[in-house]
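A quick write-up on the structure given underneath.
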Amino acid sequence: MDNSTGNLTQQFSEYANDLSAALSESVLAALAAATSRVESAYHSGATVFIAGNGGSAATASHMMADFQKTTLGKEIGITKRIRAIALSDNGPVITAWGNDFGYDLIFAEQLRTLAKPGDLMIVISASGNSPNIVAALEVAKQVGVETIGFLGFQGGKSKAMCDVPVVVESTNYGIIEDAHSVFMHMMTAALRQVVQASK
């Protein structure tokens, strides 16, 4: 092993250790509470809205796909499914709201149009301070939508606004986003059992 390979191996090992440390017992307990909220939404027929920016938008899209499809396993005949919508996926409506009224409203106004009391929203934000996430959480409260936050750092403004904040206490965006992806897959695995048991 040459010196550069050894240095990379050490760097990767440190990153893996930091990611493992981010998956603390307390944050997994918060994730369990969040998963229970999604399960309740499923049983009640509520819609789960998901929103994030940048890399978190990709996680929101992935989560929506996993909730809609992966939870079914190979049982496509299941009729009671998780109703999930990623608010970051609709380019025309995002650009319409952003262009005419400002980027801060791109999720809030979609939620105001689509959501009803008893629905659920999951926001994904490393900082917890993105103005469009904060605005969406404000509308969720007005409409009667429960909220879960996949957050980082200390949770930012969003922490106090979420019914269930799941905070990765790291200052490394990569670690935070990786942890959020892990959470998504943990939730999907648990919810897959719920959906398949309900068929």
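For the structure tokens, the naming scheme is as follows: chains receive sequential letters (A, B, ...) according to their order of presentation, residues are indexed from 1 within each chain, and ligands are indexed from 1 in presentation order.
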
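Close contacts of Ser61 in chain A, defined as residues with an atom at most 8 Å away when counting only C-alpha atoms, with chain neighbours fewer than 6 positions off set aside, comprise Ile50, Ala86, Ser88 and Asp89 of chain A.
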
Export of the given selection (N, CA and C atoms) as a PDB file, in the first residue's frame:
ATOM      1  N   ILE A  50     -43.091  15.713   1.429  1.00  0.00           N
ATOM      2  CA  ILE A  50     -41.666  15.714   1.747  1.00  0.00           C
ATOM      3  C   ILE A  50     -41.013  16.865   0.993  1.00  0.00           C
ATOM      4  N   ALA A  86     -43.354  14.336  -3.077  1.00  0.00           N
ATOM      5  CA  ALA A  86     -42.165  15.163  -2.870  1.00  0.00           C
ATOM      6  C   ALA A  86     -42.429  16.541  -3.461  1.00  0.00           C
ATOM      7  N   SER A  88     -40.527  18.930  -3.845  1.00  0.00           N
ATOM      8  CA  SER A  88     -39.395  19.457  -4.617  1.00  0.00           C
ATOM      9  C   SER A  88     -39.334  18.898  -6.037  1.00  0.00           C
ATOM     10  N   ASP A  89     -40.310  18.080  -6.431  1.00  0.00           N
ATOM     11  CA  ASP A  89     -40.251  17.398  -7.725  1.00  0.00           C
ATOM     12  C   ASP A  89     -40.992  18.099  -8.858  1.00  0.00           C
TER      13      ASP A  89
END

Could you go through chain A and tell me which residues DSSP, when run on the backbone, assigns to helix (DSSP H, G or I), listing them as a tab-separated table (two decimals) with C-alpha atoms, in the first residue's frame?
chain	number	residue	atom	x	y	z
A	3	ASN	CA	1.40	6.40	1.18
A	4	SER	CA	-1.45	8.10	-0.70
A	5	THR	CA	-3.63	4.99	-0.43
A	6	GLY	CA	-2.89	4.73	3.26
A	7	ASN	CA	-3.82	8.38	3.80
A	8	LEU	CA	-7.11	7.90	1.95
A	9	THR	CA	-7.89	4.77	3.95
A	10	GLN	CA	-7.34	6.70	7.17
A	11	GLN	CA	-9.48	9.58	5.93
A	12	PHE	CA	-12.30	7.24	4.95
A	13	SER	CA	-12.06	5.43	8.28
A	14	GLU	CA	-12.41	8.71	10.17
A	15	TYR	CA	-15.44	9.65	8.05
A	16	ALA	CA	-17.06	6.27	8.71
A	17	ASN	CA	-16.46	6.68	12.43
A	18	ASP	CA	-18.02	10.14	12.39
A	19	LEU	CA	-21.06	8.81	10.53
A	20	SER	CA	-21.43	5.98	13.03
A	21	ALA	CA	-21.22	8.44	15.92
A	22	ALA	CA	-23.97	10.54	14.32
A	25	GLU	CA	-29.16	6.14	20.51
A	26	SER	CA	-31.05	9.38	21.13
A	27	VAL	CA	-31.36	10.25	17.44
A	28	LEU	CA	-32.56	6.71	16.66
A	29	ALA	CA	-35.21	7.09	19.37
A	30	ALA	CA	-36.39	10.26	17.64
A	31	LEU	CA	-36.40	8.39	14.34
A	32	ALA	CA	-38.59	5.68	15.88
A	33	ALA	CA	-41.07	8.36	16.96
A	34	ALA	CA	-41.02	9.83	13.45
A	35	THR	CA	-41.61	6.42	11.89
A	36	SER	CA	-44.61	5.89	14.17
A	37	ARG	CA	-46.07	9.17	12.87
A	38	VAL	CA	-45.68	7.98	9.27
A	39	GLU	CA	-47.30	4.66	10.21
A	40	SER	CA	-50.25	6.54	11.71
A	41	ALA	CA	-50.55	8.63	8.55
A	42	TYR	CA	-50.60	5.44	6.50
A	43	HIS	CA	-53.36	3.87	8.58
A	44	SER	CA	-55.49	7.02	8.45
A	55	GLY	CA	-29.00	17.27	-1.85
A	56	SER	CA	-31.94	17.17	0.53
A	57	ALA	CA	-34.28	17.52	-2.47
A	58	ALA	CA	-32.72	14.34	-3.86
A	59	THR	CA	-33.32	12.63	-0.52
A	60	ALA	CA	-36.93	13.85	-0.57
A	61	SER	CA	-37.45	12.34	-4.02
A	62	HIS	CA	-35.80	9.09	-2.98
A	63	MET	CA	-37.92	8.93	0.17
A	64	MET	CA	-41.10	9.48	-1.82
A	65	ALA	CA	-40.17	6.65	-4.20
A	66	ASP	CA	-39.32	4.30	-1.34
A	67	PHE	CA	-42.52	5.10	0.55
A	68	GLN	CA	-44.70	4.66	-2.54
A	70	THR	CA	-40.34	-0.06	-1.94
A	71	THR	CA	-42.74	-0.52	0.97
A	72	LEU	CA	-44.80	-2.79	-1.30
A	91	GLY	CA	-40.51	21.96	-11.66
A	92	PRO	CA	-43.27	24.01	-13.32
A	93	VAL	CA	-45.10	24.87	-10.11
A	94	ILE	CA	-41.83	25.52	-8.23
A	95	THR	CA	-40.61	27.94	-10.88
A	96	ALA	CA	-44.02	29.60	-11.15
A	97	TRP	CA	-44.17	30.36	-7.42
A	98	GLY	CA	-40.47	31.21	-7.30
A	99	ASN	CA	-40.63	33.58	-10.24
A	100	ASP	CA	-43.86	35.36	-9.31
A	101	PHE	CA	-43.74	35.47	-5.52
A	103	TYR	CA	-38.35	31.15	-3.76
A	104	ASP	CA	-39.24	31.19	-0.06
A	105	LEU	CA	-42.81	30.14	-0.92
A	108	ALA	CA	-45.48	26.54	1.48
A	109	GLU	CA	-47.87	27.39	-1.34
A	110	GLN	CA	-47.92	23.82	-2.67
A	111	LEU	CA	-48.74	22.64	0.82
A	112	ARG	CA	-51.48	25.23	1.15
A	113	THR	CA	-53.00	23.91	-2.10
A	114	LEU	CA	-52.65	20.18	-1.50
A	131	PRO	CA	-36.43	30.11	4.47
A	132	ASN	CA	-38.61	27.93	2.25
A	133	ILE	CA	-38.52	25.11	4.82
A	134	VAL	CA	-39.40	27.50	7.65
A	135	ALA	CA	-42.25	28.95	5.56
A	136	ALA	CA	-43.57	25.46	4.82
A	137	LEU	CA	-43.54	24.61	8.53
A	138	GLU	CA	-45.50	27.78	9.27
A	139	VAL	CA	-48.16	26.82	6.72
A	140	ALA	CA	-48.25	23.26	8.05
A	141	LYS	CA	-49.18	24.60	11.48
A	142	GLN	CA	-51.89	26.82	9.98
A	143	VAL	CA	-53.38	23.95	7.96
A	156	GLY	CA	-31.84	25.57	13.44
A	157	LYS	CA	-35.17	27.41	13.43
A	158	SER	CA	-36.97	24.29	12.23
A	159	LYS	CA	-36.29	22.26	15.36
A	160	ALA	CA	-38.78	24.08	17.55
A	161	MET	CA	-41.32	24.15	14.72
A	173	TYR	CA	-22.91	18.43	5.59
A	174	GLY	CA	-21.81	15.08	4.15
A	175	ILE	CA	-22.31	13.30	7.47
A	176	ILE	CA	-25.69	14.98	7.98
A	177	GLU	CA	-26.94	14.11	4.49
A	178	ASP	CA	-25.63	10.54	4.74
A	179	ALA	CA	-27.36	10.09	8.10
A	180	HIS	CA	-30.62	11.40	6.63
A	181	SER	CA	-30.31	8.82	3.85
A	182	VAL	CA	-29.72	6.08	6.41
A	183	PHE	CA	-32.80	7.25	8.33
A	184	MET	CA	-34.85	7.10	5.14
A	185	HIS	CA	-33.86	3.50	4.52
A	186	MET	CA	-34.45	2.51	8.15
A	187	MET	CA	-37.94	4.02	7.99
A	188	THR	CA	-38.66	2.31	4.67
A	189	ALA	CA	-37.66	-1.09	6.05
A	190	ALA	CA	-39.93	-0.65	9.06
A	191	LEU	CA	-42.83	0.70	7.01
A	192	ARG	CA	-42.50	-2.12	4.49
A	193	GLN	CA	-43.40	-4.55	7.28
A	194	VAL	CA	-46.41	-2.40	8.20
A	195	VAL	CA	-47.70	-2.13	4.63
A	196	GLN	CA	-47.25	-5.82	3.88
A	197	ALA	CA	-48.95	-6.79	7.14
